[in-house]
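A.B. asks: Here you go, this is model_36.cif (mmCIF, C-alpha atoms and all ligand atoms).
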```cif
data_start
loop_
_atom_site.group_PDB
_atom_site.id
_atom_site.type_symbol
_atom_site.label_atom_id
_atom_site.label_comp_id
_atom_site.auth_asym_id
_atom_site.auth_seq_id
_atom_site.Cartn_x
_atom_site.Cartn_y
_atom_site.Cartn_z
ATOM 1 C CA MET A 1 -40.327 -0.771 18.325
ATOM 2 C CA THR A 2 -37.534 0.769 16.309
ATOM 3 C CA ASP A 3 -38.436 3.725 14.120
ATOM 4 C CA LEU A 4 -38.092 2.384 10.607
ATOM 5 C CA LYS A 5 -38.497 5.665 8.730
ATOM 6 C CA ARG A 6 -34.818 6.252 7.914
ATOM 7 C CA LEU A 7 -34.478 2.699 6.662
ATOM 8 C CA LEU A 8 -37.649 2.770 4.573
ATOM 9 C CA ASP A 9 -36.639 6.103 3.023
ATOM 10 C CA CYS A 10 -33.453 4.540 1.602
ATOM 11 C CA ARG A 11 -33.414 4.405 -2.197
ATOM 12 C CA LEU A 12 -29.997 2.834 -2.664
ATOM 13 C CA PHE A 13 -28.590 -0.180 -0.807
ATOM 14 C CA LEU A 14 -24.820 -0.752 -0.716
ATOM 15 C CA LEU A 15 -24.286 -4.410 0.006
ATOM 16 C CA ASP A 16 -21.314 -6.105 1.541
ATOM 17 C CA MET A 17 -20.960 -9.606 0.086
ATOM 18 C CA ASP A 18 -19.022 -12.092 2.231
ATOM 19 C CA GLY A 19 -20.781 -12.666 5.564
ATOM 20 C CA THR A 20 -23.792 -10.650 4.387
ATOM 21 C CA LEU A 21 -25.133 -12.408 1.258
ATOM 22 C CA TYR A 22 -23.047 -15.575 1.372
ATOM 23 C CA LEU A 23 -20.090 -17.230 3.054
ATOM 24 C CA GLY A 24 -17.624 -18.587 0.515
ATOM 25 C CA ASP A 25 -19.854 -20.502 -1.899
ATOM 26 C CA GLU A 26 -22.758 -20.940 0.515
ATOM 27 C CA VAL A 27 -25.571 -18.487 -0.241
ATOM 28 C CA PHE A 28 -27.574 -17.506 2.859
ATOM 29 C CA PRO A 29 -31.267 -18.511 2.828
ATOM 30 C CA GLY A 30 -33.402 -15.657 1.489
ATOM 31 C CA ALA A 31 -30.396 -13.631 0.228
ATOM 32 C CA VAL A 32 -31.343 -13.838 -3.470
ATOM 33 C CA GLU A 33 -34.967 -13.099 -2.544
ATOM 34 C CA PHE A 34 -33.718 -10.030 -0.631
ATOM 35 C CA ILE A 35 -32.258 -8.612 -3.863
ATOM 36 C CA ARG A 36 -35.587 -9.246 -5.630
ATOM 37 C CA THR A 37 -37.354 -7.421 -2.808
ATOM 38 C CA LEU A 38 -35.099 -4.407 -3.309
ATOM 39 C CA ARG A 39 -35.970 -4.412 -7.015
ATOM 40 C CA GLN A 40 -39.690 -4.955 -6.443
ATOM 41 C CA THR A 41 -39.834 -2.092 -3.954
ATOM 42 C CA GLY A 42 -38.151 0.216 -6.462
ATOM 43 C CA ARG A 43 -34.772 0.408 -4.761
ATOM 44 C CA GLN A 44 -31.332 0.408 -6.348
ATOM 45 C CA TYR A 45 -28.589 -1.894 -5.071
ATOM 46 C CA ILE A 46 -24.844 -2.108 -5.473
ATOM 47 C CA TYR A 47 -22.589 -4.967 -4.413
ATOM 48 C CA LEU A 48 -19.698 -3.231 -2.694
ATOM 49 C CA THR A 49 -16.174 -4.542 -2.147
ATOM 50 C CA ASN A 50 -12.937 -3.139 -0.767
ATOM 51 C CA ASN A 51 -10.973 -5.561 -2.958
ATOM 52 C CA SER A 52 -8.959 -3.467 -5.429
ATOM 53 C CA SER A 53 -7.117 -6.417 -6.997
ATOM 54 C CA ARG A 54 -10.021 -7.309 -9.315
ATOM 55 C CA ALA A 55 -12.140 -5.305 -11.721
ATOM 56 C CA GLY A 56 -15.818 -4.773 -10.964
ATOM 57 C CA ALA A 57 -16.724 -6.859 -14.032
ATOM 58 C CA ASP A 58 -14.876 -9.847 -12.513
ATOM 59 C CA TYR A 59 -17.590 -10.088 -9.858
ATOM 60 C CA ILE A 60 -20.502 -10.402 -12.298
ATOM 61 C CA PRO A 61 -20.025 -14.083 -13.298
ATOM 62 C CA ARG A 62 -19.389 -15.110 -9.696
ATOM 63 C CA LEU A 63 -22.500 -13.354 -8.362
ATOM 64 C CA ARG A 64 -24.633 -14.739 -11.190
ATOM 65 C CA ARG A 65 -23.319 -18.262 -10.608
ATOM 66 C CA LEU A 66 -24.465 -17.938 -6.986
ATOM 67 C CA GLY A 67 -27.923 -16.867 -8.252
ATOM 68 C CA PHE A 68 -27.738 -13.103 -7.654
ATOM 69 C CA PRO A 69 -29.096 -10.745 -10.308
ATOM 70 C CA CYS A 70 -26.145 -8.635 -11.382
ATOM 71 C CA GLU A 71 -25.353 -6.187 -14.173
ATOM 72 C CA ALA A 72 -22.228 -4.047 -14.546
ATOM 73 C CA GLU A 73 -23.985 -1.128 -12.822
ATOM 74 C CA ASN A 74 -24.580 -3.268 -9.710
ATOM 75 C CA VAL A 75 -20.915 -3.779 -8.763
ATOM 76 C CA PHE A 76 -18.604 -1.252 -7.197
ATOM 77 C CA THR A 77 -15.042 -1.807 -5.974
ATOM 78 C CA SER A 78 -12.645 0.427 -4.052
ATOM 79 C CA GLY A 79 -10.641 0.560 -7.297
ATOM 80 C CA MET A 80 -13.614 2.083 -9.136
ATOM 81 C CA ALA A 81 -14.154 4.486 -6.228
ATOM 82 C CA THR A 82 -10.520 5.536 -6.530
ATOM 83 C CA ALA A 83 -10.946 6.225 -10.264
ATOM 84 C CA LEU A 84 -14.034 8.363 -9.625
ATOM 85 C CA TYR A 85 -12.303 10.143 -6.759
ATOM 86 C CA LEU A 86 -9.385 11.018 -9.075
ATOM 87 C CA ASN A 87 -11.775 12.304 -11.738
ATOM 88 C CA GLN A 88 -13.613 14.413 -9.169
ATOM 89 C CA HIS A 89 -10.613 15.786 -7.268
ATOM 90 C CA ASP A 90 -7.573 15.630 -9.583
ATOM 91 C CA PRO A 91 -8.843 15.335 -13.154
ATOM 92 C CA GLY A 92 -6.150 14.854 -15.798
ATOM 93 C CA LYS A 93 -3.220 14.562 -13.367
ATOM 94 C CA PRO A 94 -0.712 11.820 -14.283
ATOM 95 C CA VAL A 95 -0.902 8.793 -11.984
ATOM 96 C CA TYR A 96 1.680 6.145 -11.184
ATOM 97 C CA LEU A 97 -0.080 2.913 -10.200
ATOM 98 C CA VAL A 98 1.055 0.226 -7.804
ATOM 99 C CA GLY A 99 -1.730 -2.220 -8.613
ATOM 100 C CA THR A 100 -2.851 -5.204 -10.646
ATOM 101 C CA ARG A 101 -3.523 -5.257 -14.394
ATOM 102 C CA ALA A 102 -7.239 -5.432 -13.491
ATOM 103 C CA PHE A 103 -6.972 -2.212 -11.454
ATOM 104 C CA ARG A 104 -4.989 -0.581 -14.278
ATOM 105 C CA GLY A 105 -7.767 -1.510 -16.724
ATOM 106 C CA GLU A 106 -10.358 -0.019 -14.376
ATOM 107 C CA LEU A 107 -8.478 3.311 -14.156
ATOM 108 C CA GLU A 108 -8.096 3.356 -17.960
ATOM 109 C CA ARG A 109 -11.832 2.771 -18.410
ATOM 110 C CA TYR A 110 -12.501 5.879 -16.335
ATOM 111 C CA GLY A 111 -9.967 7.856 -18.395
ATOM 112 C CA VAL A 112 -7.390 8.319 -15.622
ATOM 113 C CA PRO A 113 -4.018 9.163 -17.269
ATOM 114 C CA LEU A 114 -1.343 6.665 -16.208
ATOM 115 C CA THR A 115 2.365 7.294 -16.433
ATOM 116 C CA GLU A 116 5.715 5.705 -15.601
ATOM 117 C CA GLU A 117 7.491 9.120 -15.464
ATOM 118 C CA ASP A 118 6.817 12.397 -13.641
ATOM 119 C CA ALA A 119 3.749 11.208 -11.742
ATOM 120 C CA GLU A 120 1.845 13.781 -9.681
ATOM 121 C CA ILE A 121 -0.142 11.119 -7.866
ATOM 122 C CA VAL A 122 0.810 7.640 -6.652
ATOM 123 C CA VAL A 123 -2.139 5.259 -6.419
ATOM 124 C CA VAL A 124 -1.806 1.992 -4.526
ATOM 125 C CA GLY A 125 -4.143 -1.012 -4.559
ATOM 126 C CA PHE A 126 -4.187 -4.613 -3.343
ATOM 127 C CA ASP A 127 -1.385 -5.500 -5.749
ATOM 128 C CA THR A 128 -1.136 -9.275 -6.030
ATOM 129 C CA GLU A 129 1.314 -8.726 -8.911
ATOM 130 C CA LEU A 130 3.698 -6.526 -6.905
ATOM 131 C CA VAL A 131 7.389 -6.377 -7.902
ATOM 132 C CA TYR A 132 10.241 -4.367 -6.356
ATOM 133 C CA GLU A 133 10.506 -1.956 -9.297
ATOM 134 C CA LYS A 134 6.994 -0.618 -8.576
ATOM 135 C CA LEU A 135 7.866 0.108 -4.928
ATOM 136 C CA ASN A 136 11.086 1.764 -6.036
ATOM 137 C CA ARG A 137 9.303 4.083 -8.480
ATOM 138 C CA ALA A 138 6.488 4.870 -6.079
ATOM 139 C CA VAL A 139 8.981 5.918 -3.377
ATOM 140 C CA HIS A 140 10.811 8.066 -5.928
ATOM 141 C CA PHE A 141 7.616 9.981 -6.817
ATOM 142 C CA LEU A 142 6.422 10.243 -3.200
ATOM 143 C CA ARG A 143 9.751 11.702 -2.077
ATOM 144 C CA ARG A 144 9.330 14.376 -4.752
ATOM 145 C CA GLY A 145 5.960 15.359 -3.294
ATOM 146 C CA ALA A 146 3.484 13.283 -5.304
ATOM 147 C CA LYS A 147 0.040 12.910 -3.727
ATOM 148 C CA PHE A 148 -0.467 9.476 -2.108
ATOM 149 C CA LEU A 149 -3.821 7.787 -2.663
ATOM 150 C CA ALA A 150 -4.725 4.219 -1.686
ATOM 151 C CA ALA A 151 -7.748 2.192 -2.729
ATOM 152 C CA ASN A 152 -8.394 0.300 0.507
ATOM 153 C CA PRO A 153 -6.960 0.399 4.042
ATOM 154 C CA ASP A 154 -7.102 -3.364 4.762
ATOM 155 C CA TRP A 155 -3.829 -4.746 6.183
ATOM 156 C CA VAL A 156 -4.587 -8.283 5.098
ATOM 157 C CA CYS A 157 -7.079 -10.155 2.939
ATOM 158 C CA PRO A 158 -8.573 -13.161 4.789
ATOM 159 C CA MET A 159 -8.148 -16.523 3.067
ATOM 160 C CA PRO A 160 -9.514 -20.025 3.772
ATOM 161 C CA ALA A 161 -8.005 -22.042 6.645
ATOM 162 C CA GLY A 162 -7.067 -18.905 8.596
ATOM 163 C CA GLU A 163 -4.435 -17.763 6.091
ATOM 164 C CA VAL A 164 -4.107 -14.120 4.981
ATOM 165 C CA LEU A 165 -2.598 -12.223 2.056
ATOM 166 C CA PRO A 166 -0.784 -8.911 2.568
ATOM 167 C CA ASP A 167 -3.249 -6.275 1.340
ATOM 168 C CA CYS A 168 -3.116 -2.638 0.257
ATOM 169 C CA GLY A 169 -2.629 -1.227 3.789
ATOM 170 C CA SER A 170 0.521 -3.283 4.289
ATOM 171 C CA ILE A 171 1.979 -2.209 0.932
ATOM 172 C CA CYS A 172 1.266 1.419 1.896
ATOM 173 C CA ALA A 173 2.988 0.906 5.265
ATOM 174 C CA LEU A 174 6.146 -0.047 3.400
ATOM 175 C CA LEU A 175 5.879 3.005 1.133
ATOM 176 C CA THR A 176 5.283 5.268 4.154
ATOM 177 C CA ALA A 177 8.330 3.827 5.929
ATOM 178 C CA ALA A 178 10.487 4.507 2.875
ATOM 179 C CA SER A 179 9.109 7.917 1.862
ATOM 180 C CA GLY A 180 7.603 9.514 4.976
ATOM 181 C CA ALA A 181 4.368 10.136 3.030
ATOM 182 C CA GLU A 182 0.987 9.037 4.404
ATOM 183 C CA PRO A 183 -1.797 7.854 2.084
ATOM 184 C CA THR A 184 -5.374 9.024 1.807
ATOM 185 C CA TYR A 185 -7.501 5.877 1.798
ATOM 186 C CA ILE A 186 -10.657 5.647 -0.314
ATOM 187 C CA GLY A 187 -12.329 2.294 0.547
ATOM 188 C CA LYS A 188 -14.454 1.387 3.588
ATOM 189 C CA PRO A 189 -14.546 2.684 6.342
ATOM 190 C CA ASN A 190 -13.676 6.014 4.690
ATOM 191 C CA ARG A 191 -16.641 8.053 3.613
ATOM 192 C CA SER A 192 -15.221 8.630 0.105
ATOM 193 C CA MET A 193 -16.580 5.243 -0.907
ATOM 194 C CA VAL A 194 -20.156 6.429 -0.233
ATOM 195 C CA ASP A 195 -19.549 10.028 -1.351
ATOM 196 C CA VAL A 196 -18.403 9.046 -4.860
ATOM 197 C CA ILE A 197 -21.375 6.691 -5.280
ATOM 198 C CA SER A 198 -23.735 9.424 -4.114
ATOM 199 C CA ALA A 199 -22.198 11.863 -6.623
ATOM 200 C CA GLN A 200 -22.454 9.243 -9.359
ATOM 201 C CA THR A 201 -26.057 8.141 -8.689
ATOM 202 C CA GLY A 202 -27.535 11.396 -7.409
ATOM 203 C CA VAL A 203 -28.886 9.660 -4.286
ATOM 204 C CA PRO A 204 -28.070 11.707 -1.138
ATOM 205 C CA ASN A 205 -26.060 9.911 1.567
ATOM 206 C CA ALA A 206 -29.011 10.035 3.995
ATOM 207 C CA GLN A 207 -31.014 7.853 1.579
ATOM 208 C CA ILE A 208 -28.234 5.311 1.153
ATOM 209 C CA ALA A 209 -28.199 2.196 3.370
ATOM 210 C CA CYS A 210 -24.945 0.315 3.943
ATOM 211 C CA VAL A 211 -25.678 -3.315 4.774
ATOM 212 C CA GLY A 212 -22.902 -5.467 6.176
ATOM 213 C CA ASP A 213 -21.605 -7.780 8.884
ATOM 214 C CA ARG A 214 -18.432 -5.930 9.954
ATOM 215 C CA LEU A 215 -18.664 -3.049 12.421
ATOM 216 C CA TYR A 216 -15.299 -1.385 11.658
ATOM 217 C CA THR A 217 -15.820 -1.337 7.884
ATOM 218 C CA ASP A 218 -19.457 -1.744 6.729
ATOM 219 C CA ILE A 219 -21.064 0.024 9.671
ATOM 220 C CA ALA A 220 -18.269 2.564 10.167
ATOM 221 C CA VAL A 221 -18.424 3.691 6.511
ATOM 222 C CA ALA A 222 -22.147 4.419 6.879
ATOM 223 C CA LYS A 223 -21.597 6.346 10.110
ATOM 224 C CA ASN A 224 -18.693 8.334 8.619
ATOM 225 C CA ALA A 225 -20.716 9.233 5.530
ATOM 226 C CA GLY A 226 -24.026 10.060 7.234
ATOM 227 C CA ALA A 227 -25.667 7.067 5.543
ATOM 228 C CA VAL A 228 -27.963 4.528 7.231
ATOM 229 C CA ALA A 229 -26.031 1.689 8.916
ATOM 230 C CA VAL A 230 -27.627 -1.763 8.792
ATOM 231 C CA CYS A 231 -25.820 -4.615 10.529
ATOM 232 C CA VAL A 232 -26.670 -8.251 9.851
ATOM 233 C CA LEU A 233 -25.718 -10.954 12.344
ATOM 234 C CA SER A 234 -25.025 -13.593 9.660
ATOM 235 C CA GLY A 235 -21.274 -12.946 9.558
ATOM 236 C CA GLU A 236 -18.569 -11.562 11.794
ATOM 237 C CA SER A 237 -20.423 -9.518 14.416
ATOM 238 C CA SER A 238 -22.642 -10.739 17.256
ATOM 239 C CA GLU A 239 -25.138 -8.741 19.336
ATOM 240 C CA ALA A 240 -22.542 -8.702 22.135
ATOM 241 C CA ASP A 241 -19.936 -7.215 19.753
ATOM 242 C CA ILE A 242 -22.395 -4.449 18.844
ATOM 243 C CA GLN A 243 -23.106 -3.695 22.512
ATOM 244 C CA HIS A 244 -19.380 -3.374 23.266
ATOM 245 C CA SER A 245 -18.518 -1.333 20.180
ATOM 246 C CA ASP A 246 -18.229 2.436 19.728
ATOM 247 C CA VAL A 247 -19.541 1.928 16.204
ATOM 248 C CA ARG A 248 -23.290 1.430 16.584
ATOM 249 C CA PRO A 249 -25.479 0.441 13.637
ATOM 250 C CA ASP A 250 -28.817 2.207 13.156
ATOM 251 C CA TYR A 251 -30.552 -1.111 12.548
ATOM 252 C CA VAL A 252 -29.687 -4.722 13.337
ATOM 253 C CA PHE A 253 -31.231 -7.752 11.639
ATOM 254 C CA ARG A 254 -30.651 -11.484 12.008
ATOM 255 C CA ASP A 255 -29.839 -11.622 8.289
ATOM 256 C CA VAL A 256 -30.849 -10.006 4.987
ATOM 257 C CA ALA A 257 -33.947 -12.246 4.839
ATOM 258 C CA ALA A 258 -35.246 -10.546 8.002
ATOM 259 C CA LEU A 259 -34.459 -7.141 6.467
ATOM 260 C CA ALA A 260 -36.366 -8.132 3.300
ATOM 261 C CA GLU A 261 -39.403 -9.087 5.417
ATOM 262 C CA ILE A 262 -39.549 -5.587 6.888
ATOM 263 C CA LEU A 263 -39.192 -3.911 3.479
ATOM 264 C CA ARG A 264 -41.923 -6.147 1.988
ATOM 265 C CA ALA A 265 -44.332 -5.745 4.917
ATOM 266 C CA LYS A 266 -44.097 -1.947 4.764
ATOM 267 C CA GLU A 267 -44.604 -1.957 0.997
ATOM 268 C CA GLU A 268 -47.753 -4.082 1.371
ATOM 269 C CA ALA A 269 -49.022 -1.796 4.123
ATOM 270 C CA ARG A 270 -48.576 1.191 1.810
ATOM 271 C CA ALA A 271 -50.322 -0.521 -1.136
HETATM 272 MG MG MG B 301 -18.454 -9.002 5.162
#
```
Please render this file's structure as structure tokens.
Ligand SMILES: [Mg+2]

C.D. replies:
Amino acid sequence: MTDLKRLLDCRLFLLDMDGTLYLGDEVFPGAVEFIRTLRQTGRQYIYLTNNSSRAGADYIPRLRRLGFPCEAENVFTSGMATALYLNQHDPGKPVYLVGTRAFRGELERYGVPLTEEDAEIVVVGFDTELVYEKLNRAVHFLRRGAKFLAANPDWVCPMPAGEVLPDCGSICALLTAASGAEPTYIGKPNRSMVDVISAQTGVPNAQIACVGDRLYTDIAVAKNAGAVAVCVLSGESSEADIQHSDVRPDYVFRDVAALAEILRAKEEARA
């Protein structure tokens, strides 16, 4: 029997969404109940996404429509992580953004100073509103030694019917080719995503559980940050994938309903 202590000690659960709580518009059985279990057992939870094209607030109506309890404090994007990272590491430095209006709004909400001239930092996101002028300016600043920060390392964003959209990693590859500068990535699997949340919430990394279906992002971010890695088999990864991977989760469950059962059973045993 697996030792459950590390899992049961977790006070904050960072939740991947697609493949973990739902697939497209299909909510997994027991997924909403799983969130209630977290609340009833006194645990915090945050829906976590690497998507830096939308604001955190954009996720609230969608999650609620699917039945998930969700307030502003329960959503965290790689864009928000980038804003917090800037405030922690480079407060007040002027930033040139290659990103959507939603990402711009997010940085403004966190008080990050944005500029079109003399930027000291270039920040790149999943910019679905990208135009050539932004690339041109970003390369100009990077060639003059601006720091290069990127919200998420994903090359592509998966779409229905096997299509993909070029994502932040691909935009950065272009900027690197043109400027010679390499970005620091913030989103999963980089530990910054967990570190900034830990700093913000006061919960130490060792008491944070990352729950997800993808080994090289959801599980890797937990491993990199010294958090507890929980893999669910409801999405991308199978047990065979886990066995053949270098990235090993601390716990594996069929789905979040099975994880909820464990959390509930232990709570009842304690009561
Ligand atoms: Mg997923």

A.B. asks: Select from chain A every residue with an atom at most 8 Å from any atom of ligand MG 301 (chain B), then for each give the shortest pair of atoms and their distance in Å to one decimal, using all atoms listed in the file, rows by chain and rising number, as a tab-separated table.

C.D. replies:
```
residue	atom	partner	partner_atom	distance
A:Asp16	CA	B:MG301	MG	5.4
A:Met17	CA	B:MG301	MG	5.7
A:Asp18	CA	B:MG301	MG	4.3
A:Gly19	CA	B:MG301	MG	4.4
A:Thr20	CA	B:MG301	MG	5.6
A:Gly212	CA	B:MG301	MG	5.8
A:Asp213	CA	B:MG301	MG	5.0
A:Arg214	CA	B:MG301	MG	5.7
A:Asp218	CA	B:MG301	MG	7.5
A:Gly235	CA	B:MG301	MG	6.5
A:Glu236	CA	B:MG301	MG	7.1
```

A.B. asks: Where does the PyMOL selection byres (((chain A and resi 222-231) around 10) and not hetatm) land in this file, that is, which residues does it pick, as a short mmCIF file (atom, residue, chain, number, x, y, z; two decimals) with C-alpha atoms, in the frame of the given file?

C.D. replies:
```cif
data_model
loop_
_atom_site.label_atom_id
_atom_site.label_comp_id
_atom_site.auth_asym_id
_atom_site.auth_seq_id
_atom_site.Cartn_x
_atom_site.Cartn_y
_atom_site.Cartn_z
CA ARG A 6 -34.82 6.25 7.91
CA LEU A 7 -34.48 2.70 6.66
CA ASP A 9 -36.64 6.10 3.02
CA CYS A 10 -33.45 4.54 1.60
CA PHE A 13 -28.59 -0.18 -0.81
CA LEU A 14 -24.82 -0.75 -0.72
CA LEU A 15 -24.29 -4.41 0.01
CA THR A 20 -23.79 -10.65 4.39
CA LYS A 188 -14.45 1.39 3.59
CA PRO A 189 -14.55 2.68 6.34
CA ASN A 190 -13.68 6.01 4.69
CA ARG A 191 -16.64 8.05 3.61
CA SER A 192 -15.22 8.63 0.10
CA MET A 193 -16.58 5.24 -0.91
CA VAL A 194 -20.16 6.43 -0.23
CA ASP A 195 -19.55 10.03 -1.35
CA PRO A 204 -28.07 11.71 -1.14
CA ASN A 205 -26.06 9.91 1.57
CA ALA A 206 -29.01 10.04 4.00
CA GLN A 207 -31.01 7.85 1.58
CA ILE A 208 -28.23 5.31 1.15
CA ALA A 209 -28.20 2.20 3.37
CA CYS A 210 -24.94 0.32 3.94
CA VAL A 211 -25.68 -3.32 4.77
CA GLY A 212 -22.90 -5.47 6.18
CA ASP A 213 -21.60 -7.78 8.88
CA ARG A 214 -18.43 -5.93 9.95
CA LEU A 215 -18.66 -3.05 12.42
CA THR A 217 -15.82 -1.34 7.88
CA ASP A 218 -19.46 -1.74 6.73
CA ILE A 219 -21.06 0.02 9.67
CA ALA A 220 -18.27 2.56 10.17
CA VAL A 221 -18.42 3.69 6.51
CA VAL A 232 -26.67 -8.25 9.85
CA LEU A 233 -25.72 -10.95 12.34
CA SER A 234 -25.02 -13.59 9.66
CA GLY A 235 -21.27 -12.95 9.56
CA SER A 237 -20.42 -9.52 14.42
CA SER A 238 -22.64 -10.74 17.26
CA GLU A 239 -25.14 -8.74 19.34
CA ILE A 242 -22.40 -4.45 18.84
CA VAL A 247 -19.54 1.93 16.20
CA ARG A 248 -23.29 1.43 16.58
CA PRO A 249 -25.48 0.44 13.64
CA ASP A 250 -28.82 2.21 13.16
CA TYR A 251 -30.55 -1.11 12.55
CA VAL A 252 -29.69 -4.72 13.34
CA PHE A 253 -31.23 -7.75 11.64
CA ARG A 254 -30.65 -11.48 12.01
CA ASP A 255 -29.84 -11.62 8.29
CA VAL A 256 -30.85 -10.01 4.99
CA LEU A 259 -34.46 -7.14 6.47
#
```

A.B. asks: Using the chain letters and numbers from the file, which residues does the PyMOL selection byres (((chain A and resi 153) around 8) and not hetatm) grab, as a PyMOL selection string?

C.D. replies: chain A and resi 150-152+154-155+168-169+185-188

A.B. asks: Since we have the selection now, will you write its residues out, keeping C-alpha atoms, as a PDB file, keeping the file's coordinate frame?

C.D. replies:
```pdb
ATOM      1  CA  ALA A 150      -4.725   4.219  -1.686  1.00  0.00           C
ATOM      2  CA  ALA A 151      -7.748   2.192  -2.729  1.00  0.00           C
ATOM      3  CA  ASN A 152      -8.394   0.300   0.507  1.00  0.00           C
ATOM      4  CA  ASP A 154      -7.102  -3.364   4.762  1.00  0.00           C
ATOM      5  CA  TRP A 155      -3.829  -4.746   6.183  1.00  0.00           C
ATOM      6  CA  CYS A 168      -3.116  -2.638   0.257  1.00  0.00           C
ATOM      7  CA  GLY A 169      -2.629  -1.227   3.789  1.00  0.00           C
ATOM      8  CA  TYR A 185      -7.501   5.877   1.798  1.00  0.00           C
ATOM      9  CA  ILE A 186     -10.657   5.647  -0.314  1.00  0.00           C
ATOM     10  CA  GLY A 187     -12.329   2.294   0.547  1.00  0.00           C
ATOM     11  CA  LYS A 188     -14.454   1.387   3.588  1.00  0.00           C
TER      12      LYS A 188
END
```

A.B. asks: To test your reading of the syntax: which residues would the PyMOL selection byres (((chain A and resi 80) around 12) and not hetatm) return for the file shown? Reply as a ChimeraX atom specification.

C.D. replies: /A:48-57,72-73,75-79,81-87,102-112,125,150-152,186-187,192-194,196-197,200

A.B. asks: Just give me the gap between atom CA of Lys266 of chain A and atom CA of Thr37 of chain A in Å, one decimal is fine.

C.D. replies: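 About the pair atom CA of Lys266 of chain A and atom CA of Thr37 of chain A: they are 11.5 Å apart.
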
A.B. asks: What is the atom CA of Val27 of chain A to atom CA of His244 of chain A distance in Å?

C.D. replies: 28.6 Å

A.B. asks: Choose the residue, out of A:Leu263, A:Leu21, A:Ile171, A:Cys70, that has the smallest atom-to-atom separation from Tyr132 of chain A; count all atoms listed in the file.

C.D. replies: A:Ile171

A.B. asks: In Å, with one decimal, what is the gap from atom CA of Phe68 of chain A to atom CA of Phe28 of chain A?

C.D. replies: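 We find that atom CA of Phe68 of chain A and atom CA of Phe28 of chain A lie 11.4 Å from each other.
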
A.B. asks: Could you tell me which of A:Ala199, A:Leu12, A:Val98, A:Leu142 comes closest to Leu130 of chain A if we count all atoms listed in the file?

C.D. replies: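 So, comparing all the options, the nearest one is A:Val98.
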
A.B. asks: Would you compute the box with edges along x, y and z of the file around segment 42-56 of chain A, including every atom the file lists for it and 5 Å extra on each side, and give its centre and edge lengths in Å to one decimal, as JSON?

C.D. replies:
```
{"center_x": -22.6, "center_y": -3.5, "center_z": -6.2, "size_x": 41.0, "size_y": 17.7, "size_z": 21.0}
```

A.B. asks: For Leu174 of chain A, which of A:Ile262, A:Leu135, A:Gln243, A:Gly202 is the closest residue, counting all atoms listed in the file?

C.D. replies: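 Ranking A:Ile262, A:Leu135, A:Gln243, A:Gly202 by distance to Leu174 of chain A, first place goes to A:Leu135.
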
A.B. asks: Using all atoms listed in the file - which residues lie no farther than 6 Å from the point (-3.7, -6.2, -7.9) in the file's frame? Write them as number ranges by chain.

C.D. replies: A: 53, 99-100, 126-129

A.B. asks: Counting only C-alpha atoms, which of A:Ala269, A:Arg264, A:Val131, A:Thr115 gets nearest to Arg43 of chain A?

C.D. replies: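 Checking each candidate against Arg43 of chain A, we get A:Arg264 as the closest.
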
A.B. asks: Using only C-alpha atoms, can you tell me which of A:Ala146, A:Leu63, A:Val32, A:Val139 comes closest to Ala178 of chain A?

C.D. replies: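 The closest residue to Ala178 of chain A is A:Val139.
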
A.B. asks: Show which residues sit within 10 Å of Arg137 of chain A, as a ChimeraX atom specification. Count only C-alpha atoms, and ignore same-chain residues fewer than 5 positions away.

C.D. replies: /A:96-98,116-117,119,122,132,142-143

A.B. asks: Which residue gives the smallest distance to Leu175 of chain A among A:Val203, A:Leu66, A:Met159, A:Val123, with only C-alpha atoms counted?

C.D. replies: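 Going through A:Val203, A:Leu66, A:Met159, A:Val123 one by one, the smallest distance to Leu175 of chain A is for A:Val123.
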